[in-house]
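Enquirer: My structure file coords-v1.pdb, PDB, C-alpha atoms, is below:
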```pdb
ATOM      1  CA  ASP A1248      88.575  31.757 124.150
ATOM      2  CA  GLY A1249      87.806  30.818 120.571
ATOM      3  CA  GLY A1250      88.002  33.511 117.971
ATOM      4  CA  ILE A1251      89.800  35.204 115.136
ATOM      5  CA  THR A1252      92.881  37.327 115.619
ATOM      6  CA  GLN A1253      94.313  39.800 113.164
ATOM      7  CA  SER A1254      97.604  41.521 113.582
ATOM      8  CA  PRO A1255      98.706  44.185 113.681
ATOM      9  CA  LYS A1256      95.764  46.507 114.367
ATOM     10  CA  TYR A1257      97.468  49.412 112.579
ATOM     11  CA  LEU A1258     100.047  49.066 109.803
ATOM     12  CA  PHE A1259     101.966  51.708 107.927
ATOM     13  CA  ARG A1260     103.933  51.056 104.763
ATOM     14  CA  LYS A1261     105.679  53.030 102.094
ATOM     15  CA  GLU A1262     104.306  53.011  98.587
ATOM     16  CA  GLY A1263     105.739  50.206  96.468
ATOM     17  CA  GLN A1264     106.302  47.788  99.363
ATOM     18  CA  ASN A1265     104.503  44.502  99.739
ATOM     19  CA  VAL A1266     102.884  43.893 103.113
ATOM     20  CA  THR A1267     101.366  40.776 104.684
ATOM     21  CA  LEU A1268      98.390  40.867 107.039
ATOM     22  CA  SER A1269      97.956  38.040 109.487
ATOM     23  CA  CYS A1270      94.717  36.177 110.216
ATOM     24  CA  GLU A1271      94.478  33.236 112.623
ATOM     25  CA  GLN A1272      91.421  31.361 113.891
ATOM     26  CA  ASN A1273      91.039  28.667 116.545
ATOM     27  CA  LEU A1274      87.383  27.928 115.806
ATOM     28  CA  ASN A1275      88.221  24.870 113.695
ATOM     29  CA  HIS A1276      86.447  26.497 110.766
ATOM     30  CA  ASP A1277      87.036  25.210 107.258
ATOM     31  CA  ALA A1278      86.284  28.424 105.380
ATOM     32  CA  MET A1279      88.097  31.757 105.650
ATOM     33  CA  TYR A1280      87.614  35.111 103.929
ATOM     34  CA  TRP A1281      89.296  38.469 103.390
ATOM     35  CA  TYR A1282      87.329  41.664 102.953
ATOM     36  CA  ARG A1283      88.256  45.243 102.314
ATOM     37  CA  GLN A1284      86.261  48.166 103.749
ATOM     38  CA  ASP A1285      86.633  51.751 102.605
ATOM     39  CA  PRO A1286      85.220  54.719 104.564
ATOM     40  CA  GLY A1287      81.438  54.864 104.467
ATOM     41  CA  GLN A1288      81.185  51.709 102.401
ATOM     42  CA  GLY A1289      80.298  48.110 102.850
ATOM     43  CA  LEU A1290      82.670  45.180 102.662
ATOM     44  CA  ARG A1291      84.044  43.825  99.413
ATOM     45  CA  LEU A1292      85.348  40.288  99.114
ATOM     46  CA  ILE A1293      89.011  39.938  98.142
ATOM     47  CA  TYR A1294      89.698  36.195  98.440
ATOM     48  CA  TYR A1295      88.114  33.199 100.115
ATOM     49  CA  SER A1296      89.174  29.684 100.952
ATOM     50  CA  GLN A1297      86.851  26.781 101.663
ATOM     51  CA  ILE A1298      89.541  24.268 102.507
ATOM     52  CA  VAL A1299      93.270  24.031 103.134
ATOM     53  CA  ASN A1300      95.447  24.471 100.050
ATOM     54  CA  ASP A1301      92.595  25.895  98.014
ATOM     55  CA  PHE A1302      91.349  29.461  97.547
ATOM     56  CA  GLN A1303      89.339  31.506  95.048
ATOM     57  CA  LYS A1304      89.331  35.108  93.930
ATOM     58  CA  GLY A1305      86.594  37.345  95.190
ATOM     59  CA  ASP A1306      85.292  40.508  93.595
ATOM     60  CA  ILE A1307      88.442  42.641  93.968
ATOM     61  CA  ALA A1308      91.412  40.232  93.959
ATOM     62  CA  GLU A1309      93.711  42.268  91.728
ATOM     63  CA  GLY A1310      96.849  43.359  93.573
ATOM     64  CA  TYR A1311      96.367  40.854  96.401
ATOM     65  CA  SER A1312      97.579  37.323  97.063
ATOM     66  CA  VAL A1313      96.800  34.712  99.730
ATOM     67  CA  SER A1314      97.884  31.295 100.910
ATOM     68  CA  ARG A1315      96.127  28.613 102.941
ATOM     69  CA  GLU A1316      98.771  26.156 104.089
ATOM     70  CA  LYS A1317      97.153  25.540 107.468
ATOM     71  CA  LYS A1318      93.529  25.384 108.496
ATOM     72  CA  GLU A1319      94.028  28.048 111.169
ATOM     73  CA  SER A1320      95.822  30.626 109.059
ATOM     74  CA  PHE A1321      94.945  32.690 105.977
ATOM     75  CA  PRO A1322      97.499  35.493 105.436
ATOM     76  CA  LEU A1323      96.826  38.238 102.913
ATOM     77  CA  THR A1324      99.612  39.973 100.992
ATOM     78  CA  VAL A1325      98.934  43.424  99.622
ATOM     79  CA  THR A1326     101.315  43.816  96.717
ATOM     80  CA  SER A1327     102.730  46.920  95.090
ATOM     81  CA  ALA A1328     100.350  46.234  92.191
ATOM     82  CA  GLN A1329      97.359  47.222  94.327
ATOM     83  CA  LYS A1330      96.671  50.785  93.202
ATOM     84  CA  ASN A1331      94.890  52.045  96.297
ATOM     85  CA  PRO A1332      95.800  49.811  99.254
ATOM     86  CA  THR A1333      94.916  52.153 102.129
ATOM     87  CA  ALA A1334      91.829  50.602 103.741
ATOM     88  CA  PHE A1335      90.460  48.600 106.672
ATOM     89  CA  TYR A1336      90.977  44.870 106.113
ATOM     90  CA  LEU A1337      88.747  42.291 107.768
ATOM     91  CA  CYS A1338      89.247  38.551 107.997
ATOM     92  CA  ALA A1339      86.386  36.152 108.676
ATOM     93  CA  SER A1340      85.782  32.431 109.020
ATOM     94  CA  SER A1341      82.827  30.054 108.941
ATOM     95  CA  MET A1342      82.162  26.379 109.493
ATOM     96  CA  GLY A1343      81.809  25.516 105.830
ATOM     97  CA  ASP A1344      80.120  26.323 102.582
ATOM     98  CA  ASN A1345      76.584  25.767 103.850
ATOM     99  CA  HIS A1346      74.883  29.134 103.463
ATOM    100  CA  TYR A1347      73.203  28.794 106.861
ATOM    101  CA  ASN A1348      76.524  29.298 108.599
ATOM    102  CA  GLU A1349      77.330  32.768 109.744
ATOM    103  CA  GLN A1350      80.753  34.297 109.322
ATOM    104  CA  PHE A1351      82.786  35.316 112.366
ATOM    105  CA  PHE A1352      84.919  38.417 111.931
ATOM    106  CA  GLY A1353      88.261  39.455 113.334
ATOM    107  CA  PRO A1354      88.930  42.954 114.740
ATOM    108  CA  GLY A1355      90.492  44.195 111.505
ATOM    109  CA  THR A1356      93.789  45.721 110.389
ATOM    110  CA  ARG A1357      93.917  49.327 109.259
ATOM    111  CA  LEU A1358      96.560  49.665 106.549
ATOM    112  CA  THR A1359      97.895  53.076 105.586
ATOM    113  CA  VAL A1360     100.259  53.412 102.674
ATOM    114  CA  LEU A1361     102.306  56.585 102.783
TER     115      LEU A1361
ATOM    116  CA  GLY B1331      73.543  40.080  90.000
ATOM    117  CA  ASN B1332      73.128  39.887  93.757
ATOM    118  CA  SER B1333      72.736  43.172  95.605
ATOM    119  CA  VAL B1334      71.476  44.783  98.785
ATOM    120  CA  THR B1335      69.755  48.114  99.284
ATOM    121  CA  GLN B1336      69.645  49.653 102.728
ATOM    122  CA  MET B1337      68.164  52.927 103.777
ATOM    123  CA  GLU B1338      70.736  55.669 103.769
ATOM    124  CA  GLY B1339      72.014  56.977 107.033
ATOM    125  CA  PRO B1340      72.728  58.441 109.309
ATOM    126  CA  VAL B1341      69.616  57.601 111.266
ATOM    127  CA  THR B1342      69.455  59.818 114.331
ATOM    128  CA  LEU B1343      67.112  58.912 117.176
ATOM    129  CA  SER B1344      66.519  59.813 120.773
ATOM    130  CA  GLU B1345      66.925  57.138 123.413
ATOM    131  CA  GLU B1346      63.859  54.859 123.741
ATOM    132  CA  ALA B1347      62.642  55.677 120.224
ATOM    133  CA  PHE B1348      61.475  52.972 117.812
ATOM    134  CA  LEU B1349      63.962  51.910 115.161
ATOM    135  CA  THR B1350      63.392  50.583 111.653
ATOM    136  CA  ILE B1351      66.189  50.089 109.141
ATOM    137  CA  ASN B1352      64.894  48.917 105.784
ATOM    138  CA  CYS B1353      66.697  46.279 103.755
ATOM    139  CA  THR B1354      65.765  44.768 100.405
ATOM    140  CA  TYR B1355      67.864  42.395  98.374
ATOM    141  CA  THR B1356      68.158  40.612  95.073
ATOM    142  CA  ALA B1357      69.748  37.179  95.081
ATOM    143  CA  THR B1358      69.527  33.936  93.204
ATOM    144  CA  GLY B1359      67.918  31.031  94.968
ATOM    145  CA  TYR B1360      66.988  31.225  98.643
ATOM    146  CA  PRO B1361      69.775  32.905 100.566
ATOM    147  CA  SER B1362      70.145  33.071 104.301
ATOM    148  CA  LEU B1363      69.802  36.622 105.592
ATOM    149  CA  PHE B1364      71.962  38.297 108.197
ATOM    150  CA  TRP B1365      72.218  41.557 110.084
ATOM    151  CA  TYR B1366      75.706  42.466 111.276
ATOM    152  CA  VAL B1367      76.675  45.381 113.503
ATOM    153  CA  GLN B1368      79.977  47.274 113.481
ATOM    154  CA  TYR B1369      81.071  49.482 116.368
ATOM    155  CA  PRO B1370      83.667  52.188 115.670
ATOM    156  CA  GLY B1371      87.088  50.800 114.786
ATOM    157  CA  GLU B1372      86.020  47.178 115.189
ATOM    158  CA  GLY B1373      85.147  44.181 113.090
ATOM    159  CA  LEU B1374      81.613  43.016 112.405
ATOM    160  CA  GLN B1375      79.492  41.075 114.890
ATOM    161  CA  LEU B1376      76.512  38.948 113.977
ATOM    162  CA  LEU B1377      73.339  40.545 115.306
ATOM    163  CA  LEU B1378      70.722  38.090 114.029
ATOM    164  CA  LYS B1379      69.913  35.799 111.136
ATOM    165  CA  ALA B1380      67.081  33.988 109.353
ATOM    166  CA  THR B1381      67.571  31.028 107.066
ATOM    167  CA  LYS B1382      64.170  30.541 105.426
ATOM    168  CA  ALA B1383      61.041  32.404 104.487
ATOM    169  CA  ASP B1384      58.926  33.744 107.392
ATOM    170  CA  ASP B1385      61.693  33.024 109.914
ATOM    171  CA  LYS B1386      62.170  35.749 112.493
ATOM    172  CA  GLY B1387      65.644  36.400 113.806
ATOM    173  CA  SER B1388      65.983  38.177 117.140
ATOM    174  CA  ASN B1389      68.725  39.233 119.526
ATOM    175  CA  LYS B1390      69.223  41.987 122.141
ATOM    176  CA  GLY B1391      65.759  43.409 121.417
ATOM    177  CA  PHE B1392      66.353  43.582 117.664
ATOM    178  CA  GLU B1393      64.127  41.630 115.274
ATOM    179  CA  ALA B1394      63.910  41.001 111.542
ATOM    180  CA  THR B1395      61.596  38.752 109.516
ATOM    181  CA  TYR B1396      62.567  37.022 106.258
ATOM    182  CA  ARG B1397      59.965  38.191 103.753
ATOM    183  CA  LYS B1398      60.426  36.214 100.574
ATOM    184  CA  GLU B1399      57.500  37.807  98.731
ATOM    185  CA  THR B1400      58.956  41.291  99.124
ATOM    186  CA  THR B1401      62.641  40.180  99.293
ATOM    187  CA  SER B1402      63.052  42.221 102.455
ATOM    188  CA  PHE B1403      64.627  41.799 105.886
ATOM    189  CA  HIS B1404      63.894  45.005 107.779
ATOM    190  CA  LEU B1405      65.534  45.489 111.174
ATOM    191  CA  GLU B1406      63.423  46.760 114.095
ATOM    192  CA  LYS B1407      63.878  47.554 117.761
ATOM    193  CA  GLY B1408      61.203  48.882 120.035
ATOM    194  CA  SER B1409      63.359  51.070 122.265
ATOM    195  CA  VAL B1410      66.917  52.012 121.275
ATOM    196  CA  GLN B1411      69.722  52.843 123.675
ATOM    197  CA  VAL B1412      72.785  55.045 123.289
ATOM    198  CA  SER B1413      74.873  51.862 123.250
ATOM    199  CA  ASP B1414      73.100  50.789 120.022
ATOM    200  CA  SER B1415      74.923  53.535 118.115
ATOM    201  CA  ALA B1416      76.840  51.714 115.380
ATOM    202  CA  VAL B1417      76.742  50.841 111.688
ATOM    203  CA  TYR B1418      74.313  48.097 110.702
ATOM    204  CA  PHE B1419      74.765  45.886 107.649
ATOM    205  CA  CYS B1420      72.143  43.737 106.007
ATOM    206  CA  ALA B1421      73.755  40.860 104.119
ATOM    207  CA  PRO B1422      72.223  37.954 102.213
ATOM    208  CA  GLN B1423      74.444  34.908 101.918
ATOM    209  CA  GLY B1424      74.175  32.544  99.010
ATOM    210  CA  SER B1425      76.298  29.852  97.497
ATOM    211  CA  TYR B1426      79.889  29.364  98.692
ATOM    212  CA  ASN B1427      78.947  31.406 101.764
ATOM    213  CA  LYS B1428      79.460  34.629  99.851
ATOM    214  CA  LEU B1429      77.996  37.517 101.807
ATOM    215  CA  ILE B1430      76.691  40.477  99.849
ATOM    216  CA  PHE B1431      77.071  43.789 101.646
ATOM    217  CA  GLY B1432      75.444  47.118 101.095
ATOM    218  CA  ALA B1433      76.914  50.383 102.310
ATOM    219  CA  GLY B1434      75.493  49.947 105.800
ATOM    220  CA  THR B1435      73.303  52.290 107.827
ATOM    221  CA  ARG B1436      74.832  54.420 110.557
ATOM    222  CA  LEU B1437      72.644  54.776 113.666
ATOM    223  CA  ALA B1438      73.255  57.553 116.184
ATOM    224  CA  VAL B1439      71.212  57.476 119.405
ATOM    225  CA  HIS B1440      71.214  60.530 121.629
ATOM    226  CA  PRO B1441      70.289  60.628 125.338
TER     227      PRO B1441
END
```
As structure tokens, how would this structure be written, given the file I've shared?
Expert:
Amino acid sequence: DGGITQSPKYLFRKEGQNVTLSCEQNLNHDAMYWYRQDPGQGLRLIYYSQIVNDFQKGDIAEGYSVSREKKESFPLTVTSAQKNPTAFYLCASSMGDNHYNEQFFGPGTRLTVL
Amino acid sequence: GNSVTQMEGPVTLSEEAFLTINCTYTATGYPSLFWYVQYPGEGLQLLLKATKADDKGSNKGFEATYRKETTSFHLEKGSVQVSDSAVYFCAPQGSYNKLIFGAGTRLAVHP
């Protein structure tokens, strides 16, 4: 089955610790994205990558970092600099930067910082 | 800048009622338009899309028409089911595949 996997589904961390969220896709998509969703709100773009070894900041990149060393993988690190990291994090991928292409979403990781 | 306005929820309907969720947007150029659905605790799933003016997207009984003159993409379904209860997001997509999300509209369907 092709799709996007995110792990873990639930993650708990102490304040001040960095944490890395995993995102893997086997859809052979070039582009990948990270979003943050807060209760009762829409999604906000954190980072996106259109090709391996390249990525751009989204609307709320402060306190986050990413890497794109492989086409299939786009891990997100939530650093201690992120002031309010508790949220639902969603990863997505798409075939490329043509705006006709829909994004496919993973199941999400719910991060709680204690 | 680019933005989306959706009708505020929750929308509460009885089973078999008619559904309309309004969506208007502002975006540069001619974006593709998408409706995504999110079930509790899950990621988003594509419901339908339209890529040019007057296109109608449809799926699972849901429909939406790309209205360029009114910059709208209203979602409709003739007869809702309890299983349609979810949060619905209207999202235009422009350059660099950047989706623009509103707050979403929560739909609750009761038997």
Enquirer: Counting all atoms listed in the file, which of B:Leu1363, B:Val1417, B:Ile1351, B:Ala1380 gets nearest to B:Leu1437?
Expert: B:Val1417
Enquirer: Quick check, in Å to one decimal: how far apart do atom CA of B:Pro1422 and atom CA of A:Gln1350 lie?
Expert: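 If I compute the distance from atom CA of B:Pro1422 to atom CA of A:Gln1350, I get 11.7 Å.
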Enquirer: Please list as a count of residues only every residue within 9 Å of stretch 1338-1341 of chain A, counting all atoms listed in the file and excluding residues in the same chain fewer than 5 positions away.
Expert: 30
Enquirer: Residues of chain B were defined as contacting chain A if any atom lay at most 7 Å from it, counting only C-alpha atoms; please report them as a ChimeraX atom specification.
Expert: /B:1361-1362,1372-1375,1381,1423-1427,1431-1434
Enquirer: Which residues match the PyMOL selection byres ((chain A and resi 1264) around 9) in the file above, as a list of chain:residue names?
Expert: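 This file, filtered by the PyMOL selection byres ((chain A and resi 1264) around 9), leaves A:Arg1260, A:Lys1261, A:Glu1262, A:Gly1263, A:Asn1265, A:Val1266, A:Val1325, A:Thr1326, A:Ser1327, A:Val1360.
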Enquirer: Can you tell me, as a PyMOL selection string, what residues are no more than 6 Å from B:Glu1406 when counting only C-alpha atoms, ignoring any on the same chain fewer than 2 positions away?
Expert: chain B and resi 1349-1350+1392-1393
Enquirer: Interatomic distance between atom CA of B:Gln1368 and atom CA of A:Ile1298?
Expert: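 The value is 27.2 Å.
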Enquirer: Might you pull out every residue within 12 Å of B:Thr1400, with all atoms listed in the file counted and same-chain residues fewer than 2 positions away left off, and present them as a list in words?
Expert: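 The neighbour list is Asn1352, Cys1353, Thr1354, Tyr1355, Thr1356, Ala1383, Asp1384, Thr1395, Tyr1396, Arg1397, Lys1398, Ser1402, Phe1403 and His1404 of chain B.
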Enquirer: Counting all atoms listed in the file, figure out which residue out of B:Ser1344, B:Thr1435, B:Thr1401, B:Thr1358 gets nearest to B:Ala1416.
Expert: B:Thr1435
Enquirer: What does the distance from atom CA of A:Leu1258 to atom CA of A:Thr1359 come to in Å, to one decimal?
Expert: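 Calculated distance between atom CA of A:Leu1258 and atom CA of A:Thr1359 is 6.2 Å.
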Enquirer: Expand the PyMOL selection byres ((chain B and resi 1338-1343) around 7) into the explicit residue set it covers here, and present it as a list in words.
Expert: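 Applied to this file, the PyMOL selection byres ((chain B and resi 1338-1343) around 7) selects Gln1336, Met1337, Ser1344, Glu1345, Ala1347, Thr1435, Arg1436, Leu1437, Ala1438, Val1439 and His1440 of chain B.
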Enquirer: Nearest residue to B:Glu1346 out of B:Lys1386, B:Pro1370, B:Asn1332, B:Val1410, using all atoms listed in the file?
Expert: B:Val1410
Enquirer: Skipping near chain neighbours, those fewer than 6 positions away, what residues fall within 7 Å of A:Leu1323 using only C-alpha atoms, listed as an MDAnalysis selection string?
Expert: chainID A and resid 1267:1269 1312:1313
Enquirer: With the PyMOL selection byres ((chain B and resi 1420) around 6) as the selection, what would be picked from this file? Answer as a PyMOL selection string, please.
Expert: chain B and resi 1364-1365+1419+1421
Enquirer: If you keep C-alpha atoms, can you produce a file of those selected residues as a PDB file, keeping the file's coordinate frame?
Expert:
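What follows is the written file again10.pdb:
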```pdb
ATOM      1  CA  PHE B1364      71.962  38.297 108.197  1.00  0.00           C
ATOM      2  CA  TRP B1365      72.218  41.557 110.084  1.00  0.00           C
ATOM      3  CA  PHE B1419      74.765  45.886 107.649  1.00  0.00           C
ATOM      4  CA  ALA B1421      73.755  40.860 104.119  1.00  0.00           C
TER       5      ALA B1421
END
```
Enquirer: Around all the atoms of stretch 1431-1440 of chain B listed in the file, draw an axis-aligned box and extend it by 3 Å on each of the six sides; I want its centre and edge lengths in Å to one decimal, as JSON.
Expert:
```
{"center_x": 74.1, "center_y": 52.2, "center_z": 111.4, "size_x": 11.9, "size_y": 22.7, "size_z": 26.5}
```
Enquirer: Find, counting all atoms listed in the file, the residue in B:Gly1359, B:Pro1441, B:Gly1408, B:Gly1391 that gets nearest to B:Leu1378.
Expert: B:Gly1391
